[in-house]
Amino acid sequence: MGIIRIDNLNKTYGKDIQALCDISFEVEEGEVFGLVGPDGAGKSTFFNILTTLLLPTSGSAVIMGLDITKDTLEIRQIIGYLPGTFSLYPDLTVEENLIFFATMYKSNIRDNMPLIRPIWKQLAPFKKRRAGKLSGGMKQKLALCCALIHKPKILFLDEPTTGVDPVSRTEFWDILKNIKQQGITVVVSTPYMDEATRCDRIALIQNGHIIKIDTPQQIIAGFKGRLFTIKVADIFGLLRDMKQFPLKSIFYPYGEYLHIAFYDDEATALPLFKEFLQEQQHNYEGLEPISPTIEDCFIELATS
Ligand code: ADP
């Protein structure tokens, strides 16, 4: 049985904003589990419920045998939470923030220093600096130290890399890998699809619905279409014209390219598509098959 078990969880705000719709899954002990989806998908709502800050409208969630609606104090002792918004005291120094969180959990810095040492080493030169004056990446590292200082069994992180520069993002995921190696289960959300591959398993979430749960590798292997990339001068013109393309396909901008997935075999779809491009007078280059990413899988699942 999983370390977290979620059954038919629903959350409605007011009368008609359904932020979570009938969510059920388990998180296994020791894994890095990712909740991946765009803004407004329901990720923060999920985190606030699992960390006992918000009550669900219906359904249940059990963490290590404890019920999120009844055993809130016990749950708070065994979890660490890094919320999406800056959660520290900006007027306290780096060191004072850490002491504050350790004291709040009746823990002490000395006992749990081995767990946070690799991160703390980078923060130590700034320990007398006010937390509010740190860079974005450093703030995240301090927040992570504060969330870990009571040695939780499960660490929840809501979009820890949003707004963080790409180098610090990579570094942050390396830190999470290290935390996992210390035996802590990690539940993390991200709107960045490229980060999904750093998780052991992911749940893709859209409009409050889980549209797929599996390992990133299995999700990619399950892509059904035959995927191509193409560069055209007039992306929006082609997106408009594709409505007349006779075969089943999905197509969407992907950076400066368009991605197109066909659901007929390549020998049928490709010549027809080239003909279509010519008829519609689209200049193109670099039409070639590619392997899908998690983002392609998300779009395929979300549009089917
Ligand atoms: P995410 O973290 O994936 O961006 P959220 O959980 O913040 O998603 O939001 C899910 C949906 O619930 C969105 O439509 C959002 O506008 C709505 N929502 C979130 N919090 C509230 C709230 N306190 N009151 C009303 N609607 C909310």
# chains A, B, ... in the order shown; residues from 1 in each chain; ligands from 1
>>> residues_around(residues="segment 132-138 of chain A", least_positions_apart="5", cutoff="8 Å", atoms="only C-alpha atoms", output="JSON list (two decimals) with C-alpha atoms, in the first residue's frame")
[["chain", "number", "residue", "atom", "x", "y", "z"],
["A", 89, "TYR", "CA", 9.96, 35.75, 7.12],
["A", 90, "PRO", "CA", 11.62, 38.39, 4.93],
["A", 91, "ASP", "CA", 12.77, 40.52, 7.88],
["A", 123, "LEU", "CA", 23.53, 29.55, 2.12],
["A", 163, "GLY", "CA", 10.28, 31.80, -11.81],
["A", 164, "VAL", "CA", 13.70, 30.28, -11.08],
["A", 165, "ASP", "CA", 16.42, 30.57, -13.75],
["A", 168, "SER", "CA", 19.10, 26.95, -10.65]]
>>> closest_atom_pairs(of="segment 12-118 of chain A", to="segment 204-215 of chain A", cutoff="8 Å", atoms="only C-alpha atoms", output="CSV")
residue,atom,partner,partner_atom,distance
A:Gln18,CA,A:Gly208,CA,7.0
A:Ala19,CA,A:Gly208,CA,5.0
A:Leu20,CA,A:Gly208,CA,4.0
A:Cys21,CA,A:Gly208,CA,5.2
A:Asp22,CA,A:His209,CA,7.3
A:Ile23,CA,A:Ile210,CA,6.6
A:Leu35,CA,A:Leu204,CA,6.2
A:Val36,CA,A:Leu204,CA,4.9
A:Gly37,CA,A:Ile205,CA,5.0
A:Pro38,CA,A:Gln206,CA,7.0
A:Gly40,CA,A:Asn207,CA,6.9
A:Ala41,CA,A:Asn207,CA,4.5
A:Gly42,CA,A:Gly208,CA,5.1
A:Lys43,CA,A:Ile205,CA,7.8
>>> select_by_dssp(residues="segment 69-275 of chain A", states="strand (DSSP E)", output="PyMOL selection string")
chain A and resi 79-82+154-157+185-190+201-206+209-214+226-232+249-254+257-262
>>> write_last_selection(atoms="N, CA and C atoms", output="short mmCIF file (atom, residue, chain, number, x, y, z; two decimals), in the first residue's frame")
data_model
loop_
_atom_site.label_atom_id
_atom_site.label_comp_id
_atom_site.auth_asym_id
_atom_site.auth_seq_id
_atom_site.Cartn_x
_atom_site.Cartn_y
_atom_site.Cartn_z
N ILE A 79 5.28 15.75 7.71
CA ILE A 79 5.46 16.27 6.36
C ILE A 79 6.23 17.59 6.41
N GLY A 80 6.85 17.91 5.29
CA GLY A 80 7.42 19.24 5.09
C GLY A 80 6.72 19.84 3.88
N TYR A 81 6.52 21.16 3.90
CA TYR A 81 5.77 21.77 2.80
C TYR A 81 6.49 23.03 2.32
N LEU A 82 6.74 23.05 1.03
CA LEU A 82 7.29 24.24 0.41
C LEU A 82 6.19 24.81 -0.49
N ILE A 154 7.75 12.90 4.37
CA ILE A 154 7.29 13.25 3.02
C ILE A 154 7.48 14.74 2.83
N LEU A 155 8.02 15.11 1.69
CA LEU A 155 8.21 16.53 1.39
C LEU A 155 7.29 16.92 0.24
N PHE A 156 6.44 17.93 0.47
CA PHE A 156 5.56 18.45 -0.57
C PHE A 156 6.14 19.76 -1.09
N LEU A 157 6.28 19.88 -2.40
CA LEU A 157 6.80 21.12 -2.98
C LEU A 157 5.89 21.58 -4.10
N THR A 185 10.13 10.68 0.84
CA THR A 185 9.24 10.65 -0.32
C THR A 185 8.99 12.10 -0.75
N VAL A 186 9.04 12.36 -2.05
CA VAL A 186 8.89 13.73 -2.54
C VAL A 186 7.66 13.82 -3.46
N VAL A 187 6.77 14.76 -3.14
CA VAL A 187 5.63 15.04 -4.02
C VAL A 187 5.80 16.48 -4.50
N VAL A 188 5.96 16.66 -5.79
CA VAL A 188 6.35 17.97 -6.32
C VAL A 188 5.47 18.33 -7.52
N SER A 189 5.12 19.61 -7.63
CA SER A 189 4.34 20.00 -8.81
C SER A 189 5.19 20.91 -9.70
N THR A 190 4.87 20.91 -10.97
CA THR A 190 5.55 21.80 -11.91
C THR A 190 4.68 22.07 -13.13
N ARG A 201 7.49 8.94 -11.10
CA ARG A 201 6.16 8.81 -11.74
C ARG A 201 5.52 10.18 -11.75
N ILE A 202 4.63 10.38 -12.70
CA ILE A 202 3.94 11.67 -12.76
C ILE A 202 2.43 11.47 -12.96
N ALA A 203 1.69 12.46 -12.46
CA ALA A 203 0.27 12.54 -12.78
C ALA A 203 0.11 13.79 -13.62
N LEU A 204 -0.45 13.65 -14.81
CA LEU A 204 -0.73 14.82 -15.64
C LEU A 204 -2.11 15.32 -15.24
N ILE A 205 -2.21 16.60 -14.93
CA ILE A 205 -3.48 17.15 -14.43
C ILE A 205 -3.92 18.33 -15.28
N GLN A 206 -5.21 18.34 -15.61
CA GLN A 206 -5.77 19.44 -16.39
C GLN A 206 -7.19 19.70 -15.91
N HIS A 209 -8.75 17.40 -13.44
CA HIS A 209 -8.82 15.97 -13.76
C HIS A 209 -7.42 15.41 -13.96
N ILE A 210 -7.19 14.22 -13.40
CA ILE A 210 -5.92 13.53 -13.69
C ILE A 210 -6.12 12.82 -15.04
N ILE A 211 -5.31 13.19 -16.02
CA ILE A 211 -5.54 12.59 -17.34
C ILE A 211 -4.61 11.39 -17.59
N LYS A 212 -3.58 11.24 -16.78
CA LYS A 212 -2.69 10.07 -16.92
C LYS A 212 -1.76 9.98 -15.71
N ILE A 213 -1.53 8.76 -15.25
CA ILE A 213 -0.51 8.55 -14.20
C ILE A 213 0.39 7.41 -14.64
N ASP A 214 1.68 7.64 -14.68
CA ASP A 214 2.62 6.57 -15.03
C ASP A 214 4.04 7.10 -14.89
N ARG A 226 1.84 9.65 -34.96
CA ARG A 226 3.16 9.71 -35.58
C ARG A 226 3.50 11.19 -35.67
N LEU A 227 4.56 11.55 -34.95
CA LEU A 227 4.81 12.96 -34.69
C LEU A 227 5.87 13.55 -35.64
N PHE A 228 5.57 14.76 -36.14
CA PHE A 228 6.50 15.47 -37.03
C PHE A 228 6.68 16.89 -36.55
N THR A 229 7.83 17.44 -36.89
CA THR A 229 8.06 18.86 -36.64
C THR A 229 8.16 19.54 -38.00
N ILE A 230 7.81 20.81 -38.03
CA ILE A 230 7.89 21.56 -39.29
C ILE A 230 8.09 23.04 -38.95
N LYS A 231 8.81 23.74 -39.82
CA LYS A 231 8.97 25.17 -39.64
C LYS A 231 8.29 25.86 -40.84
N VAL A 232 7.35 26.71 -40.55
CA VAL A 232 6.66 27.44 -41.64
C VAL A 232 6.74 28.94 -41.36
N SER A 249 -5.65 14.50 -37.20
CA SER A 249 -4.32 14.97 -36.80
C SER A 249 -4.48 15.95 -35.64
N ILE A 250 -3.40 16.16 -34.90
CA ILE A 250 -3.37 17.30 -33.96
C ILE A 250 -2.13 18.12 -34.29
N PHE A 251 -2.23 19.42 -34.11
CA PHE A 251 -1.11 20.29 -34.48
C PHE A 251 -1.12 21.49 -33.55
N TYR A 252 0.07 21.94 -33.18
CA TYR A 252 0.17 23.01 -32.19
C TYR A 252 1.55 23.64 -32.27
N PRO A 253 1.65 24.92 -31.94
CA PRO A 253 2.96 25.57 -31.93
C PRO A 253 3.83 24.96 -30.84
N TYR A 254 5.11 24.82 -31.15
CA TYR A 254 6.07 24.27 -30.19
C TYR A 254 7.33 25.10 -30.34
N TYR A 257 8.55 26.18 -33.83
CA TYR A 257 8.12 25.13 -34.76
C TYR A 257 6.64 24.82 -34.57
N LEU A 258 6.13 23.99 -35.49
CA LEU A 258 4.81 23.40 -35.28
C LEU A 258 5.02 21.91 -35.10
N HIS A 259 4.28 21.30 -34.21
CA HIS A 259 4.28 19.85 -34.12
C HIS A 259 2.97 19.33 -34.69
N ILE A 260 3.07 18.26 -35.47
CA ILE A 260 1.88 17.66 -36.07
C ILE A 260 1.91 16.17 -35.83
N ALA A 261 0.83 15.63 -35.27
CA ALA A 261 0.74 14.18 -35.09
C ALA A 261 -0.35 13.65 -36.01
N PHE A 262 0.00 12.61 -36.76
CA PHE A 262 -0.98 11.94 -37.63
C PHE A 262 -1.38 10.62 -37.00
#
>>> closest_residue(among="A:Phe273, A:Phe33, A:Phe298, A:Phe126", to="Ile184 of chain A", atoms="only C-alpha atoms")
A:Phe33
>>> closest_residue(among="A:Leu9, A:Asp241, A:Gly65, A:Thr161", to="Gln278 of chain A", atoms="only C-alpha atoms")
A:Asp241
>>> select_by_dssp(residues="segment 51-217 of chain A", states="alpha helix (DSSP H)", output="ChimeraX atom specification")
/A:72-78,94-104,109-123,136-148,166-181,216-217
>>> write_last_selection(atoms="C-alpha atoms", output="mmCIF file, in the first residue's frame")
data_model
loop_
_atom_site.group_PDB
_atom_site.id
_atom_site.type_symbol
_atom_site.label_atom_id
_atom_site.label_comp_id
_atom_site.auth_asym_id
_atom_site.auth_seq_id
_atom_site.Cartn_x
_atom_site.Cartn_y
_atom_site.Cartn_z
ATOM 1 C CA THR A 72 -3.987 17.216 11.062
ATOM 2 C CA LEU A 73 -1.463 17.806 13.872
ATOM 3 C CA GLU A 74 0.132 14.383 13.480
ATOM 4 C CA ILE A 75 0.343 14.847 9.717
ATOM 5 C CA ARG A 76 2.027 18.241 10.075
ATOM 6 C CA GLN A 77 4.793 16.597 12.134
ATOM 7 C CA ILE A 78 5.648 14.056 9.439
ATOM 8 C CA VAL A 94 18.658 33.399 6.826
ATOM 9 C CA GLU A 95 19.868 31.839 10.068
ATOM 10 C CA GLU A 96 16.964 33.200 12.131
ATOM 11 C CA ASN A 97 14.465 31.706 9.675
ATOM 12 C CA LEU A 98 16.042 28.284 10.026
ATOM 13 C CA ILE A 99 16.113 28.505 13.827
ATOM 14 C CA PHE A 100 12.488 29.656 13.827
ATOM 15 C CA PHE A 101 11.283 26.670 11.791
ATOM 16 C CA ALA A 102 13.389 24.205 13.793
ATOM 17 C CA THR A 103 11.980 25.559 17.063
ATOM 18 C CA MET A 104 8.418 25.513 15.754
ATOM 19 C CA ILE A 109 19.442 22.429 13.709
ATOM 20 C CA ARG A 110 22.356 20.328 14.976
ATOM 21 C CA ASP A 111 20.471 17.006 14.808
ATOM 22 C CA ASN A 112 19.226 17.483 11.294
ATOM 23 C CA MET A 113 22.151 19.356 9.791
ATOM 24 C CA PRO A 114 23.400 16.256 7.885
ATOM 25 C CA LEU A 115 20.170 16.259 5.883
ATOM 26 C CA ILE A 116 20.396 19.880 4.802
ATOM 27 C CA ARG A 117 24.188 20.318 4.789
ATOM 28 C CA PRO A 118 24.694 20.282 0.979
ATOM 29 C CA ILE A 119 22.121 23.073 0.594
ATOM 30 C CA TRP A 120 23.075 24.934 3.750
ATOM 31 C CA LYS A 121 26.717 25.120 2.619
ATOM 32 C CA GLN A 122 25.618 27.414 -0.208
ATOM 33 C CA LEU A 123 23.532 29.553 2.120
ATOM 34 C CA GLY A 136 15.096 33.823 -6.142
ATOM 35 C CA GLY A 137 17.205 30.649 -6.260
ATOM 36 C CA MET A 138 18.653 31.257 -2.783
ATOM 37 C CA LYS A 139 15.216 31.971 -1.324
ATOM 38 C CA GLN A 140 14.062 28.589 -2.608
ATOM 39 C CA LYS A 141 17.057 26.858 -1.059
ATOM 40 C CA LEU A 142 16.406 28.488 2.300
ATOM 41 C CA ALA A 143 12.709 27.572 2.107
ATOM 42 C CA LEU A 144 13.756 24.006 1.358
ATOM 43 C CA CYS A 145 16.084 23.913 4.391
ATOM 44 C CA CYS A 146 13.246 25.233 6.563
ATOM 45 C CA ALA A 147 10.854 22.584 5.185
ATOM 46 C CA LEU A 148 13.383 19.825 5.912
ATOM 47 C CA PRO A 166 17.202 27.409 -15.814
ATOM 48 C CA VAL A 167 20.567 26.703 -14.164
ATOM 49 C CA SER A 168 19.097 26.946 -10.653
ATOM 50 C CA ARG A 169 16.169 24.794 -11.812
ATOM 51 C CA THR A 170 18.525 21.967 -12.814
ATOM 52 C CA GLU A 171 20.419 22.347 -9.572
ATOM 53 C CA PHE A 172 17.165 22.239 -7.601
ATOM 54 C CA TRP A 173 16.201 18.911 -9.197
ATOM 55 C CA ASP A 174 19.609 17.508 -8.301
ATOM 56 C CA ILE A 175 18.920 18.518 -4.697
ATOM 57 C CA LEU A 176 15.552 16.715 -4.809
ATOM 58 C CA LYS A 177 17.289 13.570 -6.046
ATOM 59 C CA ASN A 178 19.584 13.792 -3.065
ATOM 60 C CA ILE A 179 16.615 14.221 -0.690
ATOM 61 C CA LYS A 180 15.037 11.092 -2.166
ATOM 62 C CA GLN A 181 18.285 9.223 -1.533
ATOM 63 C CA PRO A 216 7.499 9.488 -17.759
ATOM 64 C CA GLN A 217 9.001 6.746 -19.954
#
>>> closest_residue(among="A:Pro152, A:Pro246, A:Pro160, A:Gly84", to="Gly183 of chain A", atoms="only C-alpha atoms")
A:Pro152
>>> closest_residue(among="A:Glu295, A:Glu29, A:Asp39, A:Glu300", to="ligand 1", atoms="only C-alpha atoms and all ligand atoms")
A:Asp39
>>> closest_residue(among="A:Ile220, A:Val27, A:Met64, A:Leu54", to="Cys297 of chain A", atoms="only C-alpha atoms")
A:Ile220
>>> atom_distance(atom1="atom 24 (N, counted along the ligand's line) of ligand 1", atom2="atom CA of Ile17 of chain A")
7.8 Å
>>> closest_residue(among="A:Gly30, A:Asn8, A:Ala61, A:Thr162", to="ligand 1", atoms="only C-alpha atoms and all ligand atoms")
A:Thr162
>>> atom_distance(atom1="atom CA of Leu53 of chain A", atom2="atom CA of Arg198 of chain A")
27.3 Å
